[in-house]
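Shown below: coords-v4.tsv, with TSV, C-alpha atoms and all ligand atoms.
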```tsv
chain	number	residue	atom	x	y	z
A	1	MET	CA	60.50	-42.57	32.95
A	2	LYS	CA	63.64	-40.78	31.81
A	3	SER	CA	66.21	-38.71	33.68
A	4	ILE	CA	65.27	-35.23	34.85
A	5	LYS	CA	68.22	-34.10	32.70
A	6	ASP	CA	65.69	-34.43	29.89
A	7	ILE	CA	63.55	-31.76	31.57
A	8	PHE	CA	66.36	-29.29	32.32
A	9	VAL	CA	68.31	-28.71	29.10
A	10	ILE	CA	70.68	-25.75	28.86
A	11	GLY	CA	70.56	-24.07	25.46
A	12	LYS	CA	69.50	-21.09	23.41
A	13	GLY	CA	65.89	-19.95	22.94
A	14	PRO	CA	63.35	-19.25	21.72
A	15	SER	CA	61.78	-22.72	21.42
A	16	SER	CA	62.77	-26.16	22.64
A	17	SER	CA	60.50	-28.05	20.23
A	18	HIS	CA	60.90	-25.68	17.28
A	19	THR	CA	64.56	-24.62	17.68
A	20	MET	CA	66.52	-27.00	19.95
A	21	GLY	CA	64.82	-30.20	18.65
A	22	PRO	CA	65.26	-29.41	14.92
A	23	LYS	CA	68.89	-28.38	15.56
A	24	LYS	CA	69.50	-31.73	17.26
A	25	ALA	CA	67.82	-33.61	14.40
A	26	ALA	CA	69.88	-31.70	11.80
A	27	THR	CA	73.08	-32.53	13.71
A	28	ALA	CA	72.16	-36.25	13.86
A	29	PHE	CA	71.26	-36.33	10.14
A	30	LEU	CA	74.46	-34.57	9.13
A	31	LYS	CA	76.49	-37.06	11.17
A	32	ASP	CA	74.91	-39.89	9.14
A	33	HIS	CA	75.34	-38.06	5.79
A	34	PRO	CA	78.58	-36.09	5.73
A	35	GLU	CA	78.86	-36.93	1.98
A	36	ALA	CA	75.61	-35.18	0.96
A	37	ALA	CA	76.01	-32.44	-1.69
A	38	ALA	CA	72.82	-30.65	-0.57
A	39	PHE	CA	69.82	-31.10	1.74
A	40	ARG	CA	66.06	-30.77	1.52
A	41	VAL	CA	64.15	-30.45	4.79
A	42	THR	CA	60.35	-30.67	4.85
A	43	LEU	CA	58.64	-29.25	7.92
A	44	TYR	CA	55.13	-30.51	8.74
A	45	GLY	CA	52.24	-29.38	10.94
A	46	SER	CA	53.07	-27.09	13.83
A	47	LEU	CA	56.77	-26.95	12.96
A	48	ALA	CA	55.84	-25.45	9.59
A	49	ALA	CA	53.00	-23.26	10.93
A	50	THR	CA	55.10	-21.39	13.50
A	51	GLY	CA	58.59	-22.35	12.33
A	52	LYS	CA	59.45	-18.92	10.90
A	53	GLY	CA	58.61	-17.07	14.15
A	54	HIS	CA	60.35	-19.74	16.20
A	55	LEU	CA	63.46	-19.65	13.93
A	56	THR	CA	63.22	-23.36	13.00
A	57	ASN	CA	64.74	-22.79	9.55
A	58	VAL	CA	67.59	-20.73	11.03
A	59	ALA	CA	68.41	-23.51	13.53
A	60	ILE	CA	68.49	-26.15	10.76
A	61	GLU	CA	70.44	-24.00	8.30
A	62	GLU	CA	73.03	-23.15	10.94
A	63	VAL	CA	73.90	-26.85	11.15
A	64	LEU	CA	73.54	-28.00	7.54
A	65	SER	CA	74.48	-25.04	5.36
A	66	PRO	CA	78.26	-25.21	6.04
A	67	SER	CA	78.10	-28.67	4.32
A	68	GLY	CA	75.84	-27.75	1.39
A	69	PRO	CA	72.83	-25.74	0.18
A	70	VAL	CA	69.61	-26.29	2.16
A	71	GLU	CA	66.08	-26.12	0.77
A	72	ILE	CA	63.31	-25.79	3.35
A	73	VAL	CA	59.81	-26.95	2.34
A	74	TRP	CA	56.91	-25.73	4.53
A	75	ARG	CA	53.84	-27.98	4.86
A	76	PRO	CA	51.74	-26.43	7.66
A	77	GLN	CA	48.50	-28.20	6.65
A	78	GLU	CA	50.02	-31.67	6.64
A	79	PHE	CA	50.30	-33.52	9.97
A	80	LEU	CA	52.18	-36.82	10.29
A	81	PRO	CA	50.39	-39.30	12.56
A	82	PHE	CA	52.98	-39.74	15.35
A	83	HIS	CA	53.37	-36.08	16.44
A	84	PRO	CA	52.42	-32.60	15.11
A	85	ASN	CA	56.10	-31.52	15.09
A	86	ALA	CA	57.53	-33.61	12.23
A	87	MET	CA	60.43	-33.01	9.84
A	88	LYS	CA	61.83	-35.03	6.96
A	89	PHE	CA	65.52	-34.65	6.11
A	90	GLU	CA	66.71	-35.68	2.64
A	91	ALA	CA	70.33	-35.98	1.58
A	92	LEU	CA	70.76	-34.97	-2.08
A	93	GLY	CA	73.43	-36.04	-4.56
A	94	ALA	CA	75.37	-33.83	-7.00
A	95	GLU	CA	72.45	-33.83	-9.50
A	96	GLY	CA	69.92	-33.01	-6.79
A	97	GLU	CA	68.67	-36.60	-6.57
A	98	PRO	CA	67.63	-37.86	-3.09
A	99	THR	CA	70.07	-40.49	-1.80
A	100	ASP	CA	68.60	-41.09	1.66
A	101	SER	CA	66.07	-39.64	4.06
A	102	ALA	CA	64.99	-39.76	7.70
A	103	THR	CA	61.96	-38.43	9.56
A	104	TYR	CA	62.29	-36.97	13.04
A	105	TYR	CA	59.73	-35.76	15.55
A	106	SER	CA	60.38	-32.98	18.06
A	107	ILE	CA	58.24	-34.15	20.96
A	108	GLY	CA	58.77	-31.29	23.42
A	109	GLY	CA	61.49	-29.87	25.66
A	110	GLY	CA	64.12	-30.37	22.93
A	111	THR	CA	63.68	-34.18	22.81
A	112	ILE	CA	63.68	-35.80	19.36
A	113	VAL	CA	62.56	-39.23	18.18
A	114	ARG	CA	63.64	-40.75	14.86
A	115	GLU	CA	60.96	-42.65	12.97
A	116	GLY	CA	61.44	-46.42	13.12
A	117	GLU	CA	63.96	-46.22	15.92
A	118	ALA	CA	62.81	-47.96	19.06
A	119	GLN	CA	63.28	-46.02	22.29
A	120	SER	CA	65.91	-47.66	24.41
A	121	ASP	CA	64.62	-49.03	27.74
A	122	SER	CA	67.96	-48.21	29.34
A	123	ASP	CA	66.96	-44.52	29.13
A	124	HIS	CA	64.15	-45.24	31.56
A	125	ILE	CA	65.82	-45.03	34.94
A	126	TYR	CA	62.85	-44.64	37.30
A	127	PRO	CA	60.92	-47.76	38.35
A	128	LEU	CA	57.97	-45.68	39.60
A	129	THR	CA	56.33	-43.32	37.14
A	130	THR	CA	53.38	-41.74	38.94
A	131	MET	CA	53.22	-39.21	41.74
A	132	SER	CA	51.01	-41.45	43.89
A	133	GLU	CA	53.47	-44.37	43.71
A	134	ILE	CA	56.39	-42.08	44.57
A	135	MET	CA	54.42	-40.45	47.40
A	136	GLU	CA	53.77	-43.93	48.79
A	137	TRP	CA	57.53	-44.62	48.59
A	138	CYS	CA	58.11	-41.37	50.52
A	139	GLY	CA	55.61	-42.53	53.17
A	140	LYS	CA	57.26	-45.95	53.54
A	141	THR	CA	60.86	-44.74	53.61
A	142	GLY	CA	60.36	-41.45	55.46
A	143	ARG	CA	62.16	-39.69	52.64
A	144	SER	CA	61.18	-36.94	50.20
A	145	TYR	CA	60.85	-36.64	46.42
A	146	TRP	CA	64.34	-35.21	45.90
A	147	GLU	CA	65.82	-38.24	47.66
A	148	TYR	CA	63.96	-40.50	45.24
A	149	VAL	CA	65.56	-38.55	42.40
A	150	PHE	CA	69.06	-38.72	43.87
A	151	GLU	CA	68.66	-42.47	44.43
A	152	HIS	CA	67.94	-43.19	40.75
A	153	GLU	CA	69.86	-40.61	38.76
A	154	GLU	CA	73.54	-40.87	37.81
A	155	LYS	CA	76.10	-39.82	40.41
A	156	ASP	CA	76.71	-36.45	38.74
A	157	ILE	CA	73.13	-35.25	39.26
A	158	LYS	CA	74.04	-32.74	41.99
A	159	GLU	CA	76.71	-31.14	39.79
A	160	TYR	CA	74.32	-31.19	36.84
A	161	LEU	CA	71.61	-29.40	38.82
A	162	MET	CA	74.14	-26.96	40.28
A	163	ASN	CA	75.07	-26.06	36.69
A	164	VAL	CA	71.37	-25.78	35.81
A	165	TRP	CA	70.90	-23.40	38.74
A	166	GLY	CA	73.93	-21.33	37.71
A	167	ASN	CA	72.46	-20.95	34.21
A	168	MET	CA	68.97	-20.15	35.53
A	169	ARG	CA	70.41	-17.48	37.80
A	170	GLY	CA	72.50	-16.15	34.91
A	171	ALA	CA	69.37	-15.89	32.74
A	172	VAL	CA	67.55	-13.91	35.47
A	173	GLU	CA	70.50	-11.54	35.94
A	174	ASN	CA	71.17	-11.07	32.21
A	175	GLY	CA	67.48	-10.46	31.60
A	176	LEU	CA	67.35	-7.79	34.30
A	177	THR	CA	70.24	-5.95	32.66
A	178	ASN	CA	69.35	-6.27	28.97
A	179	GLU	CA	66.95	-3.67	27.60
A	180	GLY	CA	65.56	-2.74	24.18
A	181	VAL	CA	63.18	-4.34	21.69
A	182	LEU	CA	62.84	-8.10	21.19
A	183	PRO	CA	63.47	-9.54	17.71
A	184	GLY	CA	60.44	-10.05	15.43
A	185	ALA	CA	57.49	-8.26	13.91
A	186	LEU	CA	55.76	-7.43	17.22
A	187	ASN	CA	58.41	-4.82	18.18
A	188	LEU	CA	57.84	-5.77	21.79
A	189	ARG	CA	59.94	-3.89	24.37
A	190	ARG	CA	61.64	-5.80	27.15
A	191	LYS	CA	60.02	-5.02	30.51
A	192	ALA	CA	62.04	-6.90	33.15
A	193	ALA	CA	64.47	-4.06	33.94
A	194	SER	CA	61.68	-1.52	34.52
A	195	TYR	CA	59.64	-3.96	36.67
A	196	PHE	CA	62.74	-4.57	38.75
A	197	VAL	CA	63.44	-0.87	39.30
A	198	ARG	CA	59.80	0.02	40.02
A	199	SER	CA	59.29	-2.86	42.41
A	200	ARG	CA	62.04	-1.52	44.62
A	201	GLY	CA	59.97	1.61	45.22
A	202	TYR	CA	57.24	-0.44	46.91
A	203	LYS	CA	57.09	-2.18	50.25
A	204	ASP	CA	56.28	-5.70	51.44
A	205	SER	CA	54.01	-7.84	49.30
A	206	LEU	CA	53.76	-5.38	46.38
A	207	ARG	CA	57.53	-5.29	46.21
A	208	THR	CA	57.84	-9.08	46.40
A	209	GLN	CA	55.22	-9.51	43.69
A	210	GLY	CA	56.94	-6.96	41.43
A	211	LEU	CA	60.30	-8.66	41.86
A	212	LEU	CA	58.83	-12.07	41.08
A	213	PHE	CA	57.32	-10.68	37.85
A	214	ALA	CA	60.65	-9.03	36.98
A	215	TYR	CA	62.55	-12.33	37.38
A	216	ALA	CA	60.08	-14.30	35.24
A	217	LEU	CA	60.01	-11.58	32.56
A	218	ALA	CA	63.81	-11.44	32.60
A	219	VAL	CA	64.24	-15.14	31.77
A	220	SER	CA	61.41	-15.28	29.23
A	221	GLU	CA	62.71	-12.16	27.48
A	222	GLU	CA	66.19	-13.70	27.34
A	223	ASN	CA	64.57	-16.73	25.71
A	224	ALA	CA	62.65	-14.63	23.19
A	225	ALA	CA	65.91	-12.84	22.28
A	226	GLY	CA	67.68	-16.17	21.63
A	227	GLY	CA	69.74	-15.97	24.85
A	228	THR	CA	70.94	-18.88	26.98
A	229	ILE	CA	68.23	-20.36	29.19
A	230	VAL	CA	67.31	-23.74	30.73
A	231	THR	CA	64.18	-25.58	29.59
A	232	ALA	CA	61.84	-26.10	32.54
A	233	PRO	CA	60.17	-28.05	31.01
A	234	THR	CA	60.39	-26.10	27.68
A	235	CYS	CA	61.86	-22.86	26.36
A	236	GLY	CA	58.49	-21.11	26.15
A	237	SER	CA	57.87	-21.84	29.84
A	238	CYS	CA	61.46	-21.35	31.01
A	239	GLY	CA	60.79	-18.29	33.22
A	240	VAL	CA	58.54	-19.82	35.87
A	241	VAL	CA	60.83	-22.14	37.86
A	242	PRO	CA	63.87	-19.80	37.97
A	243	ALA	CA	61.70	-16.82	38.98
A	244	VAL	CA	60.18	-18.68	41.92
A	245	LEU	CA	63.49	-20.16	43.09
A	246	TYR	CA	65.40	-16.88	42.66
A	247	GLN	CA	62.74	-15.01	44.62
A	248	LEU	CA	62.73	-17.55	47.46
A	249	GLN	CA	66.52	-17.66	47.63
A	250	GLN	CA	66.72	-13.86	47.81
A	251	GLU	CA	63.99	-13.63	50.43
A	252	TYR	CA	64.85	-16.57	52.69
A	253	GLU	CA	68.57	-17.02	51.92
A	254	PHE	CA	68.23	-20.67	50.94
A	255	SER	CA	71.61	-22.25	50.16
A	256	ASP	CA	72.42	-23.45	46.64
A	257	ILE	CA	72.19	-27.08	47.76
A	258	GLN	CA	68.64	-26.47	49.03
A	259	ILE	CA	67.80	-24.98	45.65
A	260	VAL	CA	69.35	-28.01	43.93
A	261	ARG	CA	67.09	-30.32	45.98
A	262	ALA	CA	64.08	-28.20	45.06
A	263	LEU	CA	65.12	-28.47	41.40
A	264	ALA	CA	65.25	-32.26	41.77
A	265	THR	CA	61.62	-32.23	42.91
A	266	ALA	CA	60.59	-29.82	40.15
A	267	GLY	CA	62.34	-32.06	37.59
A	268	LEU	CA	60.55	-35.11	38.93
A	269	VAL	CA	57.17	-33.40	38.45
A	270	GLY	CA	58.12	-32.50	34.86
A	271	ALA	CA	59.38	-36.03	34.15
A	272	ILE	CA	56.14	-37.58	35.46
A	273	VAL	CA	54.10	-35.40	33.10
A	274	LYS	CA	56.42	-36.10	30.16
A	275	ALA	CA	56.19	-39.86	30.79
A	276	ASN	CA	52.40	-39.97	31.21
A	277	ALA	CA	51.19	-37.11	28.99
A	278	SER	CA	53.19	-34.42	27.17
A	279	VAL	CA	55.05	-31.13	27.65
A	280	SER	CA	54.64	-30.13	24.01
A	281	GLY	CA	52.48	-27.10	23.19
A	282	ALA	CA	51.95	-28.54	19.71
A	283	GLU	CA	50.53	-31.72	21.22
A	284	VAL	CA	48.49	-30.53	24.25
A	285	GLY	CA	48.55	-26.71	24.20
A	286	CYS	CA	50.08	-24.37	26.76
A	287	GLN	CA	48.72	-26.34	29.72
A	288	GLY	CA	51.61	-28.77	28.95
A	289	GLU	CA	54.20	-25.98	28.94
A	290	VAL	CA	53.35	-23.11	31.31
A	291	GLY	CA	50.85	-25.29	33.23
A	292	VAL	CA	53.52	-27.91	33.91
A	293	ALA	CA	56.14	-25.27	34.68
A	294	CYS	CA	53.76	-23.86	37.29
A	295	ALA	CA	53.30	-27.33	38.83
A	296	MET	CA	57.08	-27.84	38.91
A	297	ALA	CA	57.63	-24.45	40.58
A	298	ALA	CA	54.80	-25.00	43.09
A	299	ALA	CA	56.27	-28.36	44.12
A	300	ALA	CA	59.78	-26.88	44.44
A	301	ALA	CA	58.50	-23.93	46.50
A	302	SER	CA	56.46	-26.21	48.71
A	303	GLN	CA	59.52	-28.34	49.48
A	304	LEU	CA	61.66	-25.30	50.25
A	305	MET	CA	59.02	-23.95	52.63
A	306	GLY	CA	58.90	-27.24	54.54
A	307	GLY	CA	55.92	-28.93	52.87
A	308	SER	CA	55.23	-32.63	53.48
A	309	PRO	CA	55.14	-35.02	50.47
A	310	ALA	CA	51.32	-34.73	50.49
A	311	GLN	CA	51.44	-30.91	50.56
A	312	ILE	CA	54.03	-30.88	47.75
A	313	GLU	CA	51.78	-33.14	45.66
A	314	TYR	CA	48.77	-30.92	46.43
A	315	ALA	CA	50.63	-27.74	45.42
A	316	ALA	CA	51.67	-29.33	42.09
A	317	GLU	CA	48.17	-30.67	41.49
A	318	MET	CA	46.53	-27.30	42.09
A	319	ALA	CA	49.02	-25.48	39.88
A	320	LEU	CA	48.35	-27.80	36.95
A	321	GLU	CA	44.60	-28.14	37.52
A	322	HIS	CA	44.04	-24.42	37.19
A	323	HIS	CA	45.84	-24.31	33.86
A	324	LEU	CA	43.75	-27.10	32.30
A	325	GLY	CA	42.58	-26.23	28.81
A	326	MET	CA	45.06	-23.40	28.32
A	327	THR	CA	45.62	-22.89	24.61
A	328	CYS	CA	48.82	-22.22	22.70
A	329	ASP	CA	48.20	-19.40	20.21
A	330	PRO	CA	51.37	-17.28	19.97
A	331	MET	CA	51.01	-14.06	17.98
A	332	CYS	CA	53.06	-13.99	14.74
A	333	GLY	CA	54.39	-17.42	15.74
A	334	LEU	CA	56.79	-15.69	18.15
A	335	VAL	CA	57.40	-16.94	21.70
A	336	GLN	CA	56.43	-13.50	23.06
A	337	ILE	CA	52.67	-12.81	23.32
A	338	PRO	CA	51.14	-14.40	25.38
A	339	CYS	CA	54.16	-16.47	26.43
A	340	ILE	CA	56.29	-13.90	28.31
A	341	GLU	CA	53.55	-12.44	30.53
A	342	ARG	CA	52.11	-15.90	31.01
A	343	ASN	CA	55.37	-16.99	32.67
A	344	ALA	CA	55.08	-14.08	35.14
A	345	MET	CA	51.46	-14.97	35.96
A	346	ALA	CA	52.33	-18.64	36.43
A	347	ALA	CA	55.21	-17.79	38.79
A	348	ALA	CA	52.76	-15.89	41.01
A	349	ARG	CA	50.26	-18.71	40.78
A	350	ALA	CA	52.90	-21.28	41.76
A	351	LEU	CA	53.53	-19.41	45.02
A	352	ASP	CA	49.77	-19.11	45.59
A	353	ALA	CA	49.42	-22.88	45.16
A	354	GLN	CA	52.26	-23.44	47.64
A	355	ILE	CA	50.60	-21.21	50.24
A	356	TYR	CA	47.17	-22.74	49.65
A	357	ALA	CA	48.50	-26.28	50.12
A	358	PHE	CA	50.45	-25.20	53.20
A	359	TYR	CA	47.18	-24.27	54.95
A	360	THR	CA	46.03	-27.90	54.64
A	361	ASP	CA	47.28	-31.29	55.77
A	362	GLY	CA	47.79	-32.18	52.10
A	363	LYS	CA	44.60	-34.27	51.82
A	364	HIS	CA	42.49	-33.41	48.79
A	365	ARG	CA	40.06	-34.98	46.36
A	366	VAL	CA	41.69	-34.91	42.90
A	367	SER	CA	45.18	-36.37	42.62
A	368	PHE	CA	48.04	-34.90	40.55
A	369	ASP	CA	48.09	-38.10	38.46
A	370	SER	CA	44.38	-37.69	37.60
A	371	VAL	CA	44.98	-34.10	36.49
A	372	VAL	CA	47.85	-35.26	34.26
A	373	LYS	CA	45.48	-37.75	32.59
A	374	VAL	CA	42.81	-35.05	32.16
A	375	MET	CA	45.41	-32.67	30.73
A	376	LYS	CA	46.43	-35.24	28.11
A	377	LYS	CA	42.81	-35.93	27.11
A	378	THR	CA	41.94	-32.20	27.07
A	379	GLY	CA	45.01	-31.49	24.93
A	380	HIS	CA	44.09	-34.14	22.40
A	381	ASP	CA	40.49	-32.83	22.26
A	382	LEU	CA	41.66	-29.26	21.53
A	383	PRO	CA	41.43	-28.33	17.84
A	384	SER	CA	44.83	-27.94	16.20
A	385	LEU	CA	44.35	-24.17	15.78
A	386	TYR	CA	44.99	-23.88	19.53
A	387	LYS	CA	48.14	-26.01	19.51
A	388	GLU	CA	51.10	-23.95	18.32
A	389	THR	CA	49.86	-23.37	14.79
A	390	SER	CA	49.12	-19.64	15.28
A	391	GLU	CA	45.84	-20.10	13.40
A	392	GLY	CA	43.37	-19.36	16.21
A	393	GLY	CA	42.77	-17.44	19.43
A	394	LEU	CA	45.15	-14.62	20.32
A	395	ALA	CA	47.21	-15.27	17.19
A	396	THR	CA	44.32	-13.97	15.05
A	397	LEU	CA	44.27	-10.52	16.73
B	1	LIG	S1	51.60	-20.03	24.26
B	1	LIG	FE1	52.59	-21.40	25.74
B	1	LIG	S2	52.90	-23.35	24.66
B	1	LIG	FE2	52.50	-21.74	23.12
B	1	LIG	S3	54.55	-21.03	22.46
B	1	LIG	FE3	53.82	-19.68	24.15
B	1	LIG	S4	54.66	-20.62	26.02
B	1	LIG	FE4	54.82	-22.19	24.42
```
Mind converting the file's structure to C-alpha cells?
Ligand code: SF4
Amino acid sequence: MKSIKDIFVIGKGPSSSHTMGPKKAATAFLKDHPEAAAFRVTLYGSLAATGKGHLTNVAIEEVLSPSGPVEIVWRPQEFLPFHPNAMKFEALGAEGEPTDSATYYSIGGGTIVREGEAQSDSDHIYPLTTMSEIMEWCGKTGRSYWEYVFEHEEKDIKEYLMNVWGNMRGAVENGLTNEGVLPGALNLRRKAASYFVRSRGYKDSLRTQGLLFAYALAVSEENAAGGTIVTAPTCGSCGVVPAVLYQLQQEYEFSDIQIVRALATAGLVGAIVKANASVSGAEVGCQGEVGVACAMAAAAASQLMGGSPAQIEYAAEMALEHHLGMTCDPMCGLVQIPCIERNAMAAARALDAQIYAFYTDGKHRVSFDSVVKVMKKTGHDLPSLYKETSEGGLATL
C-alpha cells in the first residue's frame, strides 16, 4: 500500500484521472522525447468519451505543444484491457513518421502507470493493507490510525498534511468568494456564496447544515472552474473531506494539528481502498470517488469527535456501504452535474455516519474491508455506460 501522499495531491481541477493524470503522462513522455518534431496522442475508452468536458486534450496540449504540433485522436469505443483510462503517446519525426511510442493508464486520483513498467515495491510503505489488520494493530498497541500512518510515512508527513490542509482551506475560502457561471455548455451558476449567506440567516442545525453544503459546493465549484484543489481521493470528489473538516474546525475550534491527524486517518482509508479496489470513476463508478470520499470524511470526523478505532471503522464502513452501486454519469462530460451537489450530500452523510457510529460501541456485522471488496465487484459488474463515459443515466437527460 502506497503513501497517503498519493491520495492527497494538490493541483488544478477539474479531473484527477482525466486532467492531472494525462498531464503527468505527457510530461513524462516529453522528458523521454525532447527531440520529437510532433506528437500524436490517442485517447481510449473513458478518457476519450469524457475527455473534452474534462479538458484532457487541453492538459496534454499545454505540455506538448510548446515542443511541437499535437494531434489528438479520440477512440471512445475502444477499451484497452488494463484500465478504461488509456492513452498512447507517439513521437513523430520531421516527415510525420512515428519514431517511438508509449502507453499510459490514468488509474485514478492522478496516478499513472506506464505499460510494461513494473510497479516498484519500494513505493509500498505500509506492511498492513486492510482496515481489520490495522484495527487489530490499534488494539494491541493502544494507538490510533493516525499513529499508524505517522509511523510508516516519511518524516515530512506532518508538514505535507499541513500544506494539504492549507490548500483545502484555501479552496473553501476561494470558492465562497468566487461567483458567476462555471465553464462549459451547462451554464451552471456557482451556488456556494449564496448558500453561505443564506445559511447565516438560520439558527442551529439548519445553519450548520447550510454552512456544510456551502463549504462542499465551494471546493467542488473551484474544481469545476479549474481552480487549485486537493484530491481526496480524486478531483471530482474533492469537496467532501475539506467541507467536513472545515465545518468541524469552525464549530469546535479544533487545532490545525488535530485536523492534520484527522487527515492522516482519512488518507489511510483512501489508501486502503486504492490498494484493494479502486478510486477511479471510470473503473468502478462514483462509489469509488464520492463514496470513498464520504468514508474518508466519516472516519476523520469520528476521530475528531473522540471515536474509538472500532467506531471510526464503523463510520467509514457505513459511509461507503450506502454509496454502493453509485454510477458515474456526468452530464456533457463535465465534472458538474451530478458531481458538485453530490459532494454536498456526501459531506452531510459523512457526519450522519459519524453520529450513527458514535451511538454504538463500534461492533457491527459487515466490515469496511468486506464493503471495499463488494464495491470492487459491483464496479466491475456495472456496464461501461455508467462509468465515466457519459453514455447512460443522467448524462442522457
Ligand atoms: S459522477 Fe462522480 S465519479 Fe463521475 S465525474 Fe462526477 S464525481 Fe467523478
Q | All residues having an atom within 6 Å of ligand LIG 1 (chain B) (all atoms listed in the file) as a list in words | A |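 My answer, listing the contacting residues, is Gly236, Ser237, Gly281, Gly285, Cys286, Glu289, Val290, Cys328, Asp329, Pro330, Val335, Pro338, Cys339 and Glu388 of chain A.
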(Q) Let me make sure I understand: among A:Glu147, A:Glu35, A:Asp100, A:Glu62, which one has the smallest atom-to-atom distance to A:Ala262 if we use only C-alpha atoms? (A) A:Glu147
Which polymer residues have any atom within 8 Å of an atom of A:Ala49, counting only C-alpha atoms, with same-chain residues fewer than 5 positions away left out, as a compact mmCIF listing (two decimals) with C-alpha atoms, in the coordinates of the input?
```txt
# COMPACT_ATOMS: atom_id res chain seq x y z
CA TYR A 44 55.13 -30.51 8.74
CA TRP A 74 56.91 -25.73 4.53
CA ARG A 75 53.84 -27.98 4.86
CA PRO A 76 51.74 -26.43 7.66
CA GLN A 77 48.50 -28.20 6.65
CA GLY A 333 54.39 -17.42 15.74
CA GLU A 388 51.10 -23.95 18.32
CA THR A 389 49.86 -23.37 14.79
CA SER A 390 49.12 -19.64 15.28
```
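For the choices A:Gly227, A:Gly21, A:Pro309, A:Gly175, the atom-to-atom distance to A:Tyr215 is smallest for A:Gly175 when using all atoms listed in the file.
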Q: Identify which of the residues A:Ala298, A:Ile337, A:Cys332, A:Ala185 lies closest to A:Gln354, counting only C-alpha atoms when measuring atom-to-atom distances.
A: A:Ala298
Q | 7 Å contact set for A:Ala216, all atoms listed in the file, chain neighbours under 4 positions out, as a PyMOL selection string | A | chain A and resi 212+220+239-240+243+343-344+347
Write the selection just made, keeping C-alpha atoms, as a CSV table (one decimal), keeping the file's coordinate frame?
```
chain,number,residue,atom,x,y,z
A,212,LEU,CA,58.8,-12.1,41.1
A,220,SER,CA,61.4,-15.3,29.2
A,239,GLY,CA,60.8,-18.3,33.2
A,240,VAL,CA,58.5,-19.8,35.9
A,243,ALA,CA,61.7,-16.8,39.0
A,343,ASN,CA,55.4,-17.0,32.7
A,344,ALA,CA,55.1,-14.1,35.1
A,347,ALA,CA,55.2,-17.8,38.8
```
Q. Near A:Cys238, counting all atoms listed in the file, which residues have an atom at most 7 Å away, once you skip same-chain residues fewer than 6 positions from it, shown as a ChimeraX atom specification?
A. /A:219-220,230-232
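Using all atoms listed in the file, the shortest contact distance between A:Gln258 and any of A:Val181, A:Leu186, A:Ala293, A:Met162 is found at A:Met162.
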